[in-house]
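data-v2.txt, holding compact mmCIF, C-alpha atoms:
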# COMPACT_ATOMS: atom_id res chain seq x y z
CA THR G 1 8.60 -32.46 -25.37
CA ILE G 2 10.23 -29.09 -24.81
CA LEU G 3 7.42 -27.38 -26.71
CA TYR G 4 4.79 -29.13 -24.56
CA GLY G 5 6.70 -28.07 -21.46
CA LEU G 6 6.79 -24.42 -22.58
CA VAL G 7 3.09 -24.43 -23.46
CA GLY G 8 2.35 -25.97 -20.03
CA LEU G 9 4.35 -23.26 -18.28
CA ILE G 10 2.58 -20.52 -20.23
CA VAL G 11 -0.85 -21.98 -19.43
CA ALA G 12 0.10 -22.34 -15.74
CA ALA G 13 1.33 -18.72 -15.65
CA LEU G 14 -1.91 -17.51 -17.25
CA VAL G 15 -4.02 -19.46 -14.76
CA ILE G 16 -2.01 -18.07 -11.81
CA PHE G 17 -2.28 -14.55 -13.24
CA GLN G 18 -6.07 -14.84 -13.55
CA ILE G 19 -6.43 -16.17 -10.00
CA VAL G 20 -4.33 -13.32 -8.57
CA ARG G 21 -6.26 -10.77 -10.62
CA TRP G 22 -9.61 -12.18 -9.44
CA SER G 23 -8.41 -12.21 -5.82
CA ASN G 24 -7.25 -8.60 -6.00
CA LYS G 25 -10.56 -7.57 -7.56
CA LYS G 26 -12.50 -9.25 -4.73
CA SER G 27 -10.26 -7.60 -2.11
CA ASP G 28 -10.79 -4.18 -3.67
CA GLU G 29 -14.54 -4.78 -3.77
CA ALA G 30 -14.56 -5.82 -0.11
CA ARG G 31 -12.50 -2.78 0.95
CA GLN G 32 -14.88 -0.47 -0.91
CA ALA G 33 -17.95 -2.06 0.70
CA LEU G 34 -16.33 -1.82 4.12
CA GLY G 35 -15.43 1.80 3.44
CA ARG G 36 -19.03 2.65 2.52
CA ALA G 37 -20.25 1.07 5.76
CA ILE G 38 -17.64 2.94 7.81
CA THR G 39 -18.68 6.19 6.14
CA ILE G 40 -22.27 5.56 7.22
CA SER G 41 -21.19 4.76 10.78
CA ARG G 42 -19.29 8.07 10.97
CA THR G 43 -21.93 10.25 9.34
CA GLN G 44 -22.79 13.26 11.44
CA VAL G 45 -26.16 13.13 13.16
CA THR G 46 -28.27 16.14 12.16
CA THR G 47 -31.93 16.97 11.83
CA THR G 48 -31.36 19.14 8.76
CA PRO G 49 -29.19 17.82 5.93
CA PRO G 50 -26.61 20.22 4.50
CA PRO G 51 -27.81 21.88 1.26
CA GLY G 52 -26.74 20.01 -1.86
CA SER G 53 -25.48 16.98 0.09
CA THR G 54 -26.06 13.53 -1.38
CA GLU G 55 -24.75 11.75 1.71
CA PRO G 56 -27.28 10.02 3.94
CA THR G 57 -28.23 11.88 7.11
CA PHE G 58 -29.60 10.55 10.36
CA ALA G 59 -31.68 12.24 13.02
CA THR G 60 -30.40 10.09 15.91
CA ASP G 61 -27.34 8.05 16.86
CA LYS G 62 -29.56 5.00 17.13
CA GLU G 63 -30.86 5.41 13.58
CA ARG G 64 -27.31 5.83 12.23
CA ALA G 65 -26.03 2.82 14.19
CA GLN G 66 -28.87 0.62 12.91
CA ARG G 67 -28.16 1.57 9.29
CA ALA G 68 -24.42 0.99 9.79
CA ILE G 69 -25.12 -2.45 11.28
CA GLU G 70 -27.15 -3.34 8.19
CA GLU G 71 -24.30 -2.28 5.88
CA PHE G 72 -21.66 -4.14 7.90
CA GLN G 73 -23.85 -7.26 7.90
CA LYS G 74 -23.87 -7.17 4.09
CA VAL G 75 -20.05 -7.08 4.07
CA ALA G 76 -19.79 -9.88 6.65
CA ALA G 77 -22.19 -12.07 4.66
CA LYS G 78 -20.45 -11.57 1.31
CA TYR G 79 -16.71 -11.57 2.08
CA GLY G 80 -14.30 -13.72 4.05
CA ASP G 81 -11.67 -12.76 6.58
CA PRO G 82 -10.28 -10.28 7.43
CA TYR G 83 -13.25 -8.27 6.11
CA LYS G 84 -15.81 -10.48 7.80
CA SER G 85 -14.15 -10.18 11.22
CA GLU G 86 -13.67 -6.44 10.83
CA SER G 87 -17.34 -6.08 9.92
CA GLN G 88 -18.35 -8.14 12.94
CA TYR G 89 -16.30 -5.79 15.14
CA PHE G 90 -18.01 -2.73 13.67
CA ILE G 91 -21.41 -4.40 14.06
CA ALA G 92 -20.72 -5.04 17.75
CA ALA G 93 -19.39 -1.51 18.29
CA ASN G 94 -22.48 0.02 16.67
CA ARG G 95 -24.73 -2.39 18.50
CA LEU G 96 -23.62 -0.74 21.77
CA VAL G 97 -25.85 2.17 20.74
CA VAL G 98 -28.83 0.05 19.69
CA ASP G 99 -28.72 -2.87 22.18
CA ARG G 100 -25.91 -2.37 24.70
CA GLN G 101 -26.02 -5.85 26.28
CA LYS G 102 -25.92 -7.62 22.93
CA GLY G 103 -23.07 -5.35 21.80
CA ILE G 104 -21.08 -6.18 24.94
CA SER G 105 -21.75 -9.87 24.39
CA GLU G 106 -20.55 -9.68 20.77
CA LEU G 107 -17.42 -7.73 21.73
CA THR G 108 -16.68 -10.33 24.41
CA GLU G 109 -16.75 -13.07 21.77
CA LEU G 110 -14.69 -11.05 19.28
CA GLN G 111 -11.84 -10.41 21.71
CA ASN G 112 -10.83 -14.02 20.97
CA SER G 113 -10.86 -13.49 17.19
CA SER G 114 -8.16 -15.10 15.08
CA VAL G 115 -7.63 -11.71 13.42
CA GLY G 116 -5.30 -9.98 15.89
CA GLU G 117 -6.35 -6.43 15.03
CA VAL G 118 -10.03 -7.28 15.55
CA ALA G 119 -9.29 -8.99 18.86
CA ALA G 120 -7.37 -5.97 20.17
CA LEU G 121 -9.96 -3.44 18.98
CA SER G 122 -12.78 -5.52 20.46
CA LYS G 123 -11.00 -5.74 23.79
CA PHE G 124 -10.43 -1.96 23.76
CA ALA G 125 -14.07 -1.18 22.90
CA LEU G 126 -15.22 -3.59 25.61
CA ALA G 127 -12.92 -1.93 28.16
CA GLN G 128 -14.31 1.48 27.19
CA ALA G 129 -17.87 0.17 27.57
CA TYR G 130 -17.06 -1.21 31.02
CA GLU G 131 -15.42 2.07 31.97
CA SER G 132 -18.47 4.10 30.94
CA ASP G 133 -20.74 1.63 32.78
CA GLY G 134 -18.71 2.11 35.97
CA LYS G 135 -17.26 -1.42 35.95
CA LEU G 136 -13.80 -0.08 36.61
CA ASP G 137 -12.22 -3.37 37.78
CA ASP G 138 -13.21 -5.08 34.52
CA ALA G 139 -11.93 -2.11 32.51
CA THR G 140 -8.63 -2.19 34.45
CA ARG G 141 -8.16 -5.88 33.68
CA LEU G 142 -8.78 -5.39 29.95
CA TYR G 143 -6.57 -2.30 29.62
CA THR G 144 -3.77 -4.15 31.43
CA GLU G 145 -4.11 -7.09 29.00
CA LEU G 146 -4.04 -4.68 26.07
CA ALA G 147 -0.88 -2.99 27.32
CA ARG G 148 0.83 -6.40 27.47
CA LEU G 149 -0.35 -7.40 23.97
CA ASN G 150 1.90 -4.85 22.29
CA SER G 151 -0.60 -4.55 19.42
CA THR G 152 -0.30 -2.05 16.60
CA ALA G 153 -4.09 -1.57 16.54
CA VAL G 154 -4.17 -0.48 20.18
CA THR G 155 -0.69 0.54 21.25
CA PRO G 156 0.57 -0.04 24.78
CA ASP G 157 0.76 3.76 25.24
CA THR G 158 -2.94 4.11 24.42
CA ALA G 159 -3.90 1.24 26.73
CA ASN G 160 -1.71 2.62 29.54
CA LEU G 161 -3.23 6.10 29.16
CA ARG G 162 -6.76 4.69 29.47
CA LEU G 163 -5.59 2.53 32.39
CA ALA G 164 -4.24 5.63 34.15
CA LYS G 165 -7.60 7.37 33.69
CA VAL G 166 -9.38 4.39 35.25
CA TYR G 167 -6.94 4.35 38.17
CA GLU G 168 -7.60 8.05 38.61
CA LYS G 169 -11.36 7.39 38.73
CA GLN G 170 -10.71 4.72 41.36
CA GLY G 171 -8.71 7.19 43.45
CA LYS G 172 -5.43 5.31 42.89
CA LYS G 173 -3.25 8.36 42.21
CA LYS G 174 0.11 6.58 42.50
CA GLU G 175 -0.85 3.81 40.06
CA ALA G 176 -2.26 6.40 37.68
CA ALA G 177 0.97 8.40 37.78
CA ASP G 178 3.07 5.27 37.23

Using structure tokens, write down the structure from this file.
Amino acid sequence: TILYGLVGLIVAALVIFQIVRWSNKKSDEARQALGRAITISRTQVTTTPPPGSTEPTFATDKERAQRAIEEFQKVAAKYGDPYKSESQYFIAANRLVVDRQKGISELTELQNSSVGEVAALSKFALAQAYESDGKLDDATRLYTELARLNSTAVTPDTANLRLAKVYEKQGKKKEAAD
């Protein structure tokens, strides 16, 4: 009986070890795929590629954003959270360049994400989009919410700084200084 118990424990330990190993392998694979997509989204736009470069180059921001969206969609389709939600955020952020209204719509949905970092980043990107579109009241509301969230992805200091800039654009010097 003791021997059967020991063999059972060894088998259980081996099974747990294999599951953890497989999970770590999948996480590494997902991080690498996400990293490749982020690299594409941050590639410099240039009409002439640097000599000897093997990195992809893009002639326009729109072309780069479209390619990044395609790469992030692959990650979102293949992996679960948090990689899927992060990819959806990056898709929405890049979509602002390709189809601004659809990007804003996607960011609006993602600000309610169950992944806290994605929700905060989506809210911040949406506030920035509103700010650049001149919708300063909407931007003010979102920056104020972000400052209260106390998120590590978008710190209260960052949100308050952006809020001050919006107040300054609105001519509210005292609020901006505060």

- Message: Excluding Arg100 of chain G and its own-chain neighbours fewer than 3 positions away, which residues fall within 12 Å of it when counting only C-alpha atoms? Please give them as JSON, numbers by chain.
- Response: {"G": [62, 65, 91, 92, 93, 94, 95, 96, 97, 103, 104, 105, 106, 107, 126, 129, 130, 132, 133]}

Take the residues just selected and output them with C-alpha atoms as a PDB file, keeping the file's coordinate frame.
ATOM      1  CA  LYS G  62     -29.560   5.000  17.130  1.00  0.00           C
ATOM      2  CA  ALA G  65     -26.030   2.820  14.190  1.00  0.00           C
ATOM      3  CA  ILE G  91     -21.410  -4.400  14.060  1.00  0.00           C
ATOM      4  CA  ALA G  92     -20.720  -5.040  17.750  1.00  0.00           C
ATOM      5  CA  ALA G  93     -19.390  -1.510  18.290  1.00  0.00           C
ATOM      6  CA  ASN G  94     -22.480   0.020  16.670  1.00  0.00           C
ATOM      7  CA  ARG G  95     -24.730  -2.390  18.500  1.00  0.00           C
ATOM      8  CA  LEU G  96     -23.620  -0.740  21.770  1.00  0.00           C
ATOM      9  CA  VAL G  97     -25.850   2.170  20.740  1.00  0.00           C
ATOM     10  CA  GLY G 103     -23.070  -5.350  21.800  1.00  0.00           C
ATOM     11  CA  ILE G 104     -21.080  -6.180  24.940  1.00  0.00           C
ATOM     12  CA  SER G 105     -21.750  -9.870  24.390  1.00  0.00           C
ATOM     13  CA  GLU G 106     -20.550  -9.680  20.770  1.00  0.00           C
ATOM     14  CA  LEU G 107     -17.420  -7.730  21.730  1.00  0.00           C
ATOM     15  CA  LEU G 126     -15.220  -3.590  25.610  1.00  0.00           C
ATOM     16  CA  ALA G 129     -17.870   0.170  27.570  1.00  0.00           C
ATOM     17  CA  TYR G 130     -17.060  -1.210  31.020  1.00  0.00           C
ATOM     18  CA  SER G 132     -18.470   4.100  30.940  1.00  0.00           C
ATOM     19  CA  ASP G 133     -20.740   1.630  32.780  1.00  0.00           C
TER      20      ASP G 133
END

- Item | Nearby residues, (-12.9, 4.6, 44.2) file frame, 12 Å, only C-alpha atoms, as a list in words | Gly134, Lys135, Leu136, Asp137, Val166, Tyr167, Glu168, Lys169, Gln170, Gly171, Lys172 and Lys173 of chain G

- Which residue gives the smallest distance to Val75 of chain G among G:Gln111, G:Gln32, G:Ser53, G:Thr47, with all atoms listed in the file counted?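 Of G:Gln111, G:Gln32, G:Ser53, G:Thr47, the one nearest Val75 of chain G, counting all atoms listed in the file, is G:Gln32.
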
- Pick from G:Leu3, G:Val98, G:Ile40, G:Leu34 nearest to Glu86 of chain G, counting all atoms listed in the file: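 So, comparing all the options, the nearest one is G:Leu34.
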
- Non-local contacts of Gln88 of chain G (8 Å; all atoms listed in the file; under 4 positions in same chain excluded) as a PyMOL selection string: chain G and resi 72-73+76+84+92+110

Sort by chain and increasing residue number a table of all residues of segment 21-121 of chain G within 12 Å of segment 142-145 of chain G, each with its closest pair of atoms and their distance in Å to one decimal, counting all atoms listed in the file, and write it as a tab-separated table.
residue	atom	partner	partner_atom	distance
G:Thr108	CA	G:Leu142	CA	10.8
G:Gln111	CA	G:Leu142	CA	10.1
G:Ala119	CA	G:Glu145	CA	11.5
G:Ala120	CA	G:Glu145	CA	9.5
G:Leu121	CA	G:Leu142	CA	11.2

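Of note, atom CA of Glu117 of chain G and atom CA of Ser85 of chain G are spaced 9.5 Å apart.
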
- Give me the residues within 10 Å of segment 23-28 of chain G as a list of chain:residue names, counting all atoms listed in the file and dropping any in the same chain fewer than 6 places off.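 The residues that qualify are G:Phe17, G:Leu34, G:Tyr79, G:Gly80, G:Pro82, G:Tyr83.
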
- Go ahead and compute the interatomic distance for atom CA of Gly35 of chain G and atom CA of Glu63 of chain G, in Å to one decimal.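 Taking atom CA of Gly35 of chain G as the start and atom CA of Glu63 of chain G as the end point, the length is 18.8 Å.
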
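Here atom CA of Val154 of chain G stands at a distance of 21.1 Å from atom CA of Arg31 of chain G.
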
- Message: Measuring between only C-alpha atoms, which one of G:Ser113, G:Arg42, G:Ile19, G:Glu71 shows the shortest distance to Phe58 of chain G?
- Response: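 The shortest atom-to-atom distance to Phe58 of chain G comes from G:Arg42.
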
- Task: Dig up all the protein and nucleic acid residues within 10 Å of (-4.0, 3.9, 30.5) in the file frame, using all atoms listed in the file, and format them as a PyMOL selection string.
- Result: chain G and resi 140+143-144+146-147+156-168+176-178

- Message: Taking all atoms listed in the file into account, name the residue in G:Leu149, G:Ala77, G:Val118, G:Ala125 that is nearest to Ala33 of chain G.
- Response: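 Among the listed residues, the smallest separation from Ala33 of chain G belongs to G:Ala77.
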